[in-house]
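entry-v4.cif, holding mmCIF, N, CA and C atoms:
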```cif
data_coords
#
loop_
_atom_site.group_PDB
_atom_site.id
_atom_site.type_symbol
_atom_site.label_atom_id
_atom_site.label_comp_id
_atom_site.auth_asym_id
_atom_site.auth_seq_id
_atom_site.Cartn_x
_atom_site.Cartn_y
_atom_site.Cartn_z
ATOM 1 N N MET A 1359 -40.451 -1.577 -21.182
ATOM 2 C CA MET A 1359 -40.493 -0.739 -20.003
ATOM 3 C C MET A 1359 -40.153 -1.541 -18.754
ATOM 4 N N LYS A 1360 -40.646 -2.783 -18.672
ATOM 5 C CA LYS A 1360 -40.365 -3.612 -17.512
ATOM 6 C C LYS A 1360 -38.892 -3.984 -17.445
ATOM 7 N N LYS A 1361 -38.272 -4.161 -18.621
ATOM 8 C CA LYS A 1361 -36.851 -4.505 -18.653
ATOM 9 C C LYS A 1361 -36.001 -3.369 -18.092
ATOM 10 N N ILE A 1362 -36.327 -2.152 -18.447
ATOM 11 C CA ILE A 1362 -35.585 -0.997 -17.973
ATOM 12 C C ILE A 1362 -35.712 -0.893 -16.447
ATOM 13 N N GLY A 1363 -36.914 -1.082 -15.948
ATOM 14 C CA GLY A 1363 -37.128 -1.041 -14.495
ATOM 15 C C GLY A 1363 -36.361 -2.136 -13.787
ATOM 16 N N ALA A 1364 -36.342 -3.330 -14.361
ATOM 17 C CA ALA A 1364 -35.614 -4.445 -13.759
ATOM 18 C C ALA A 1364 -34.117 -4.185 -13.777
ATOM 19 N N ILE A 1365 -33.615 -3.612 -14.861
ATOM 20 C CA ILE A 1365 -32.182 -3.297 -14.952
ATOM 21 C C ILE A 1365 -31.817 -2.218 -13.937
ATOM 22 N N LEU A 1366 -32.648 -1.198 -13.832
ATOM 23 C CA LEU A 1366 -32.407 -0.142 -12.842
ATOM 24 C C LEU A 1366 -32.420 -0.700 -11.419
ATOM 25 N N LEU A 1367 -33.386 -1.536 -11.123
ATOM 26 C CA LEU A 1367 -33.486 -2.140 -9.800
ATOM 27 C C LEU A 1367 -32.265 -2.995 -9.503
ATOM 28 N N ALA A 1368 -31.819 -3.771 -10.478
ATOM 29 C CA ALA A 1368 -30.625 -4.612 -10.295
ATOM 30 C C ALA A 1368 -29.392 -3.746 -10.054
ATOM 31 N N GLY A 1369 -29.279 -2.637 -10.772
ATOM 32 C CA GLY A 1369 -28.145 -1.733 -10.589
ATOM 33 C C GLY A 1369 -28.127 -1.101 -9.206
ATOM 34 N N VAL A 1370 -29.285 -0.672 -8.752
ATOM 35 C CA VAL A 1370 -29.387 -0.056 -7.421
ATOM 36 C C VAL A 1370 -29.046 -1.077 -6.335
ATOM 37 N N LEU A 1371 -29.584 -2.282 -6.452
ATOM 38 C CA LEU A 1371 -29.296 -3.318 -5.454
ATOM 39 C C LEU A 1371 -27.823 -3.683 -5.441
ATOM 40 N N THR A 1372 -27.209 -3.778 -6.601
ATOM 41 C CA THR A 1372 -25.790 -4.096 -6.681
ATOM 42 C C THR A 1372 -24.949 -3.018 -6.016
ATOM 43 N N SER A 1373 -25.259 -1.762 -6.277
ATOM 44 C CA SER A 1373 -24.485 -0.675 -5.665
ATOM 45 C C SER A 1373 -24.694 -0.628 -4.155
ATOM 46 N N LEU A 1374 -25.894 -0.922 -3.687
ATOM 47 C CA LEU A 1374 -26.142 -0.950 -2.244
ATOM 48 C C LEU A 1374 -25.364 -2.073 -1.573
ATOM 49 N N LEU A 1375 -25.367 -3.240 -2.186
ATOM 50 C CA LEU A 1375 -24.623 -4.366 -1.618
ATOM 51 C C LEU A 1375 -23.125 -4.097 -1.610
ATOM 52 N N ALA A 1376 -22.615 -3.458 -2.641
ATOM 53 C CA ALA A 1376 -21.191 -3.139 -2.698
ATOM 54 C C ALA A 1376 -20.821 -2.140 -1.607
ATOM 55 N N SER A 1377 -21.667 -1.138 -1.382
ATOM 56 C CA SER A 1377 -21.347 -0.154 -0.346
ATOM 57 C C SER A 1377 -21.419 -0.761 1.043
ATOM 58 N N VAL A 1378 -22.332 -1.689 1.266
ATOM 59 C CA VAL A 1378 -22.420 -2.364 2.563
ATOM 60 C C VAL A 1378 -21.196 -3.245 2.777
ATOM 61 N N ALA A 1379 -20.733 -3.917 1.733
ATOM 62 C CA ALA A 1379 -19.575 -4.803 1.854
ATOM 63 C C ALA A 1379 -18.315 -4.020 2.175
ATOM 64 N N VAL A 1380 -18.121 -2.867 1.548
ATOM 65 C CA VAL A 1380 -16.944 -2.056 1.816
ATOM 66 C C VAL A 1380 -17.010 -1.484 3.221
ATOM 67 N N ALA A 1381 -18.189 -1.108 3.667
ATOM 68 C CA ALA A 1381 -18.344 -0.549 5.002
ATOM 69 C C ALA A 1381 -18.411 -1.638 6.053
ATOM 70 N N GLY A 1382 -18.166 -2.880 5.675
ATOM 71 C CA GLY A 1382 -18.306 -3.995 6.596
ATOM 72 C C GLY A 1382 -17.084 -4.285 7.443
ATOM 73 N N THR A 1383 -16.200 -3.299 7.661
ATOM 74 C CA THR A 1383 -15.023 -3.524 8.485
ATOM 75 C C THR A 1383 -14.958 -2.549 9.663
ATOM 76 N N PRO A 1384 -16.033 -2.377 10.401
ATOM 77 C CA PRO A 1384 -15.986 -1.401 11.502
ATOM 78 C C PRO A 1384 -15.043 -1.819 12.616
ATOM 79 N N ARG A 1385 -14.913 -3.110 12.875
ATOM 80 C CA ARG A 1385 -14.016 -3.571 13.935
ATOM 81 C C ARG A 1385 -12.571 -3.243 13.580
ATOM 82 N N ILE A 1386 -12.208 -3.448 12.327
ATOM 83 C CA ILE A 1386 -10.855 -3.126 11.878
ATOM 84 C C ILE A 1386 -10.621 -1.629 11.979
ATOM 85 N N ASP A 1387 -11.611 -0.826 11.591
ATOM 86 C CA ASP A 1387 -11.479 0.631 11.642
ATOM 87 C C ASP A 1387 -11.334 1.131 13.080
ATOM 88 N N ARG A 1388 -12.126 0.568 14.001
ATOM 89 C CA ARG A 1388 -12.025 0.981 15.410
ATOM 90 C C ARG A 1388 -10.644 0.652 15.967
ATOM 91 N N ARG A 1389 -10.172 -0.535 15.640
ATOM 92 C CA ARG A 1389 -8.861 -0.942 16.156
ATOM 93 C C ARG A 1389 -7.761 -0.060 15.571
ATOM 94 N N GLU A 1390 -7.874 0.280 14.312
ATOM 95 C CA GLU A 1390 -6.905 1.161 13.676
ATOM 96 C C GLU A 1390 -6.885 2.522 14.378
ATOM 97 N N ALA A 1391 -8.053 3.036 14.717
ATOM 98 C CA ALA A 1391 -8.140 4.319 15.414
ATOM 99 C C ALA A 1391 -7.523 4.233 16.807
ATOM 100 N N ARG A 1392 -7.774 3.125 17.510
ATOM 101 C CA ARG A 1392 -7.177 2.956 18.849
ATOM 102 C C ARG A 1392 -5.655 2.892 18.768
ATOM 103 N N GLN A 1393 -5.142 2.208 17.748
ATOM 104 C CA GLN A 1393 -3.690 2.114 17.618
ATOM 105 C C GLN A 1393 -3.082 3.470 17.278
ATOM 106 N N HIS A 1394 -3.763 4.262 16.450
ATOM 107 C CA HIS A 1394 -3.290 5.621 16.176
ATOM 108 C C HIS A 1394 -3.266 6.442 17.470
ATOM 109 N N ALA A 1395 -4.278 6.270 18.300
ATOM 110 C CA ALA A 1395 -4.335 7.003 19.571
ATOM 111 C C ALA A 1395 -3.197 6.565 20.495
ATOM 112 N N ARG A 1396 -2.868 5.277 20.500
ATOM 113 C CA ARG A 1396 -1.754 4.795 21.325
ATOM 114 C C ARG A 1396 -0.430 5.386 20.869
ATOM 115 N N ILE A 1397 -0.246 5.511 19.565
ATOM 116 C CA ILE A 1397 0.977 6.109 19.028
ATOM 117 C C ILE A 1397 1.037 7.586 19.421
ATOM 118 N N ALA A 1398 -0.092 8.288 19.296
ATOM 119 C CA ALA A 1398 -0.136 9.711 19.676
ATOM 120 C C ALA A 1398 0.141 9.884 21.161
ATOM 121 N N ALA A 1399 -0.385 8.993 21.989
ATOM 122 C CA ALA A 1399 -0.137 9.080 23.435
ATOM 123 C C ALA A 1399 1.346 8.864 23.732
ATOM 124 N N GLY A 1400 1.968 7.938 23.038
ATOM 125 C CA GLY A 1400 3.407 7.706 23.216
ATOM 126 C C GLY A 1400 4.225 8.901 22.774
ATOM 127 N N ARG A 1401 3.767 9.572 21.721
ATOM 128 C CA ARG A 1401 4.462 10.770 21.259
ATOM 129 C C ARG A 1401 4.348 11.886 22.289
ATOM 130 N N HIS A 1402 3.147 12.077 22.818
ATOM 131 C CA HIS A 1402 2.938 13.161 23.786
ATOM 132 C C HIS A 1402 3.644 12.903 25.110
ATOM 133 N N SER A 1403 3.727 11.645 25.517
ATOM 134 C CA SER A 1403 4.382 11.337 26.792
ATOM 135 C C SER A 1403 5.894 11.284 26.664
ATOM 136 N N GLY A 1404 6.392 11.208 25.429
ATOM 137 C CA GLY A 1404 7.836 11.121 25.229
ATOM 138 C C GLY A 1404 8.349 9.697 25.236
ATOM 139 N N ALA A 1405 7.462 8.708 25.339
ATOM 140 C CA ALA A 1405 7.880 7.309 25.381
ATOM 141 C C ALA A 1405 8.346 6.807 24.020
ATOM 142 N N LEU A 1406 7.983 7.519 22.946
ATOM 143 C CA LEU A 1406 8.402 7.131 21.605
ATOM 144 C C LEU A 1406 9.324 8.200 21.034
ATOM 145 N N THR A 1407 10.403 7.747 20.395
ATOM 146 C CA THR A 1407 11.302 8.675 19.716
ATOM 147 C C THR A 1407 10.774 8.934 18.306
ATOM 148 N N ARG A 1408 11.329 9.916 17.635
ATOM 149 C CA ARG A 1408 10.853 10.248 16.286
ATOM 150 C C ARG A 1408 10.994 9.081 15.302
ATOM 151 N N PRO A 1409 12.138 8.385 15.273
ATOM 152 C CA PRO A 1409 12.232 7.243 14.354
ATOM 153 C C PRO A 1409 11.234 6.137 14.687
ATOM 154 N N GLU A 1410 10.966 5.925 15.961
ATOM 155 C CA GLU A 1410 9.983 4.918 16.358
ATOM 156 C C GLU A 1410 8.585 5.306 15.874
ATOM 157 N N ILE A 1411 8.266 6.581 16.016
ATOM 158 C CA ILE A 1411 6.957 7.073 15.562
ATOM 159 C C ILE A 1411 6.830 6.888 14.051
ATOM 160 N N ALA A 1412 7.888 7.212 13.327
ATOM 161 C CA ALA A 1412 7.859 7.075 11.864
ATOM 162 C C ALA A 1412 7.649 5.616 11.473
ATOM 163 N N ARG A 1413 8.308 4.695 12.161
ATOM 164 C CA ARG A 1413 8.170 3.276 11.860
ATOM 165 C C ARG A 1413 6.754 2.789 12.136
ATOM 166 N N LEU A 1414 6.187 3.208 13.266
ATOM 167 C CA LEU A 1414 4.831 2.788 13.623
ATOM 168 C C LEU A 1414 3.796 3.363 12.664
ATOM 169 N N ARG A 1415 3.987 4.611 12.257
ATOM 170 C CA ARG A 1415 3.044 5.208 11.300
ATOM 171 C C ARG A 1415 3.110 4.508 9.955
ATOM 172 N N ALA A 1416 4.324 4.108 9.547
ATOM 173 C CA ALA A 1416 4.460 3.367 8.286
ATOM 174 C C ALA A 1416 3.719 2.039 8.377
ATOM 175 N N GLY A 1417 3.790 1.387 9.524
ATOM 176 C CA GLY A 1417 3.062 0.138 9.715
ATOM 177 C C GLY A 1417 1.560 0.344 9.651
ATOM 178 N N GLN A 1418 1.084 1.436 10.207
ATOM 179 C CA GLN A 1418 -0.344 1.735 10.161
ATOM 180 C C GLN A 1418 -0.790 2.039 8.731
ATOM 181 N N ARG A 1419 0.065 2.747 7.977
ATOM 182 C CA ARG A 1419 -0.260 3.014 6.572
ATOM 183 C C ARG A 1419 -0.341 1.711 5.784
ATOM 184 N N HIS A 1420 0.556 0.778 6.084
ATOM 185 C CA HIS A 1420 0.541 -0.526 5.408
ATOM 186 C C HIS A 1420 -0.776 -1.255 5.670
ATOM 187 N N ILE A 1421 -1.222 -1.252 6.911
ATOM 188 C CA ILE A 1421 -2.490 -1.906 7.263
ATOM 189 C C ILE A 1421 -3.652 -1.218 6.554
ATOM 190 N N HIS A 1422 -3.622 0.098 6.503
ATOM 191 C CA HIS A 1422 -4.697 0.828 5.830
ATOM 192 C C HIS A 1422 -4.732 0.481 4.343
ATOM 193 N N ARG A 1423 -3.562 0.368 3.721
ATOM 194 C CA ARG A 1423 -3.506 -0.028 2.311
ATOM 195 C C ARG A 1423 -4.035 -1.445 2.121
ATOM 196 N N MET A 1424 -3.702 -2.347 3.053
ATOM 197 C CA MET A 1424 -4.220 -3.715 2.978
ATOM 198 C C MET A 1424 -5.743 -3.710 2.999
ATOM 199 N N GLU A 1425 -6.308 -2.899 3.881
ATOM 200 C CA GLU A 1425 -7.764 -2.825 4.010
ATOM 201 C C GLU A 1425 -8.402 -2.258 2.740
ATOM 202 N N ARG A 1426 -7.792 -1.213 2.186
ATOM 203 C CA ARG A 1426 -8.316 -0.638 0.948
ATOM 204 C C ARG A 1426 -8.271 -1.642 -0.195
ATOM 205 N N ARG A 1427 -7.150 -2.367 -0.304
ATOM 206 C CA ARG A 1427 -7.014 -3.369 -1.356
ATOM 207 C C ARG A 1427 -8.029 -4.490 -1.190
ATOM 208 N N ALA A 1428 -8.251 -4.896 0.061
ATOM 209 C CA ALA A 1428 -9.192 -5.991 0.320
ATOM 210 C C ALA A 1428 -10.611 -5.594 -0.061
ATOM 211 N N GLY A 1429 -10.979 -4.342 0.158
ATOM 212 C CA GLY A 1429 -12.330 -3.898 -0.140
ATOM 213 C C GLY A 1429 -12.532 -3.409 -1.553
ATOM 214 N N ARG A 1430 -11.498 -3.443 -2.344
ATOM 215 C CA ARG A 1430 -11.578 -2.918 -3.700
ATOM 216 C C ARG A 1430 -12.595 -3.648 -4.568
ATOM 217 N N ASP A 1431 -12.739 -4.958 -4.341
ATOM 218 C CA ASP A 1431 -13.683 -5.722 -5.156
ATOM 219 C C ASP A 1431 -15.098 -5.695 -4.590
ATOM 220 N N GLY A 1432 -15.303 -4.955 -3.502
ATOM 221 C CA GLY A 1432 -16.641 -4.796 -2.954
ATOM 222 C C GLY A 1432 -16.946 -5.686 -1.770
ATOM 223 N N ILE A 1433 -16.057 -6.627 -1.458
ATOM 224 C CA ILE A 1433 -16.297 -7.506 -0.315
ATOM 225 C C ILE A 1433 -14.962 -7.856 0.328
ATOM 226 N N VAL A 1434 -14.957 -7.863 1.653
ATOM 227 C CA VAL A 1434 -13.770 -8.257 2.405
ATOM 228 C C VAL A 1434 -14.017 -9.686 2.875
ATOM 229 N N THR A 1435 -13.260 -10.621 2.336
ATOM 230 C CA THR A 1435 -13.468 -12.028 2.671
ATOM 231 C C THR A 1435 -12.937 -12.330 4.059
ATOM 232 N N ARG A 1436 -13.289 -13.492 4.567
ATOM 233 C CA ARG A 1436 -12.832 -13.909 5.893
ATOM 234 C C ARG A 1436 -11.303 -14.001 5.929
ATOM 235 N N GLY A 1437 -10.706 -14.514 4.866
ATOM 236 C CA GLY A 1437 -9.249 -14.632 4.799
ATOM 237 C C GLY A 1437 -8.566 -13.285 4.788
ATOM 238 N N GLU A 1438 -9.123 -12.336 4.022
ATOM 239 C CA GLU A 1438 -8.557 -10.989 3.980
ATOM 240 C C GLU A 1438 -8.675 -10.322 5.342
ATOM 241 N N ARG A 1439 -9.829 -10.510 5.980
ATOM 242 C CA ARG A 1439 -10.031 -9.921 7.309
ATOM 243 C C ARG A 1439 -9.042 -10.510 8.312
ATOM 244 N N ARG A 1440 -8.834 -11.820 8.236
ATOM 245 C CA ARG A 1440 -7.894 -12.487 9.139
ATOM 246 C C ARG A 1440 -6.476 -11.967 8.927
ATOM 247 N N ARG A 1441 -6.087 -11.781 7.661
ATOM 248 C CA ARG A 1441 -4.749 -11.285 7.343
ATOM 249 C C ARG A 1441 -4.564 -9.870 7.886
ATOM 250 N N ILE A 1442 -5.583 -9.032 7.746
ATOM 251 C CA ILE A 1442 -5.506 -7.664 8.256
ATOM 252 C C ILE A 1442 -5.419 -7.673 9.780
ATOM 253 N N GLU A 1443 -6.208 -8.530 10.426
ATOM 254 C CA GLU A 1443 -6.181 -8.593 11.884
ATOM 255 C C GLU A 1443 -4.837 -9.089 12.396
ATOM 256 N N ARG A 1444 -4.210 -10.022 11.689
ATOM 257 C CA ARG A 1444 -2.871 -10.475 12.086
ATOM 258 C C ARG A 1444 -1.858 -9.346 11.974
ATOM 259 N N ALA A 1445 -1.965 -8.566 10.913
ATOM 260 C CA ALA A 1445 -1.068 -7.421 10.754
ATOM 261 C C ALA A 1445 -1.296 -6.421 11.886
ATOM 262 N N GLN A 1446 -2.559 -6.237 12.267
ATOM 263 C CA GLN A 1446 -2.854 -5.335 13.388
ATOM 264 C C GLN A 1446 -2.291 -5.891 14.690
ATOM 265 N N ASP A 1447 -2.335 -7.215 14.873
ATOM 266 C CA ASP A 1447 -1.746 -7.827 16.064
ATOM 267 C C ASP A 1447 -0.247 -7.536 16.132
ATOM 268 N N ARG A 1448 0.435 -7.698 14.988
ATOM 269 C CA ARG A 1448 1.875 -7.431 14.952
ATOM 270 C C ARG A 1448 2.167 -5.975 15.268
ATOM 271 N N GLU A 1449 1.395 -5.068 14.702
ATOM 272 C CA GLU A 1449 1.609 -3.650 14.963
ATOM 273 C C GLU A 1449 1.313 -3.290 16.413
ATOM 274 N N SER A 1450 0.303 -3.925 16.996
ATOM 275 C CA SER A 1450 -0.015 -3.670 18.397
ATOM 276 C C SER A 1450 1.158 -4.072 19.292
ATOM 277 N N ARG A 1451 1.739 -5.236 19.002
ATOM 278 C CA ARG A 1451 2.917 -5.664 19.770
ATOM 279 C C ARG A 1451 4.085 -4.703 19.572
ATOM 280 N N ALA A 1452 4.262 -4.226 18.344
ATOM 281 C CA ALA A 1452 5.349 -3.280 18.067
ATOM 282 C C ALA A 1452 5.138 -1.979 18.834
ATOM 283 N N ILE A 1453 3.908 -1.502 18.896
ATOM 284 C CA ILE A 1453 3.619 -0.283 19.656
ATOM 285 C C ILE A 1453 3.986 -0.489 21.120
ATOM 286 N N TYR A 1454 3.557 -1.603 21.695
ATOM 287 C CA TYR A 1454 3.852 -1.876 23.100
ATOM 288 C C TYR A 1454 5.357 -1.953 23.334
ATOM 289 N N ARG A 1455 6.043 -2.709 22.497
ATOM 290 C CA ARG A 1455 7.488 -2.895 22.692
ATOM 291 C C ARG A 1455 8.250 -1.589 22.568
ATOM 292 N N LEU A 1456 7.899 -0.775 21.592
ATOM 293 C CA LEU A 1456 8.612 0.485 21.412
ATOM 294 C C LEU A 1456 8.280 1.501 22.500
ATOM 295 N N LYS A 1457 7.051 1.457 23.019
ATOM 296 C CA LYS A 1457 6.699 2.372 24.105
ATOM 297 C C LYS A 1457 7.373 1.984 25.415
ATOM 298 N N HIS A 1458 7.715 0.711 25.570
ATOM 299 C CA HIS A 1458 8.273 0.241 26.833
ATOM 300 C C HIS A 1458 9.728 -0.197 26.711
ATOM 301 N N ASN A 1459 10.471 0.311 25.740
ATOM 302 C CA ASN A 1459 11.844 -0.145 25.561
ATOM 303 C C ASN A 1459 12.868 0.699 26.336
ATOM 304 N N GLY A 1460 12.433 1.652 27.118
ATOM 305 C CA GLY A 1460 13.345 2.417 27.954
ATOM 306 C C GLY A 1460 13.912 3.654 27.277
ATOM 307 N N ARG A 1461 13.672 3.833 26.001
ATOM 308 C CA ARG A 1461 14.151 5.032 25.314
ATOM 309 C C ARG A 1461 13.076 6.096 25.421
ATOM 310 N N HIS A 1462 13.509 7.326 25.662
ATOM 311 C CA HIS A 1462 12.569 8.438 25.768
ATOM 312 C C HIS A 1462 13.062 9.604 24.956
ATOM 313 N N ARG A 1463 12.125 10.328 24.402
ATOM 314 C CA ARG A 1463 12.470 11.538 23.664
ATOM 315 C C ARG A 1463 12.789 12.631 24.670
ATOM 316 N N VAL A 1464 13.817 13.369 24.406
ATOM 317 C CA VAL A 1464 14.243 14.424 25.339
ATOM 318 C C VAL A 1464 13.504 15.705 25.078
#
```
Let me see the structure of the file written as structure tokens.
Amino acid sequence: MKKIGAILLAGVLTSLLASVAVAGTPRIDRREARQHARIAAGRHSGALTRPEIARLRAGQRHIHRMERRAGRDGIVTRGERRRIERAQDRESRAIYRLKHNGRHRV
């Protein structure tokens, strides 16, 4: 009886730790949401053309896939987090450059 209780307790603790590890990227999630909002603002203001919007959305999907892959094993390591943040840095620069390149949607 004690073995069953110990196994159940170990299973519950393992699942709790795994869920905390996957949910451990709030900073990445907030930044992803801000970048989506910047793309939407560029679309509404006309500062981004349709091909530019498509390119930026593809970049955001790539970052989201990176994050999902990193959390698949239950923990996002420091290296994985750094790689995702670098990708977000590149996308942030791309958003700025495309919004300020002088092309406007008619």
- Message: Quick check, in Å to one decimal: how far apart do atom N of Ile1442 (chain A) and atom N of Arg1430 (chain A) lie?
- Response: 13.0 Å
- In Å, with one decimal, what is the gap from atom C of Gly1417 (chain A) to atom N of Gln1446 (chain A)?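 Answer for the atom C of Gly1417 (chain A) to atom N of Gln1446 (chain A) separation: 8.2 Å.
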- Message: I'd like the interatomic distance between CA of Ile1411 (chain A) and CA of Glu1449 (chain A), to a tenth of an Å.
- Response: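 Atom-to-atom, CA of Ile1411 (chain A) to CA of Glu1449 (chain A), that is 12.0 Å.
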- Message: On this structure, the PyMOL selection byres (((chain A and resi 1443 and name CA) around 10) and name CA) would catch which residues? List them as a list in words, sorted by chain and number.
- Response: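 Output of the PyMOL selection byres (((chain A and resi 1443 and name CA) around 10) and name CA): Arg1385, Ile1386, Arg1389, Glu1390, Ile1421, Glu1425, Gly1437, Glu1438, Arg1439, Arg1440, Arg1441, Ile1442, Arg1444, Ala1445, Gln1446, Asp1447, Arg1448 and Glu1449 of chain A.
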- Check the DSSP output for the backbone and give back, as a PyMOL selection string, the residues of chain A in helix (DSSP H, G or I). chain A and resi 1360-1380+1384-1403+1408-1431+1436-1457
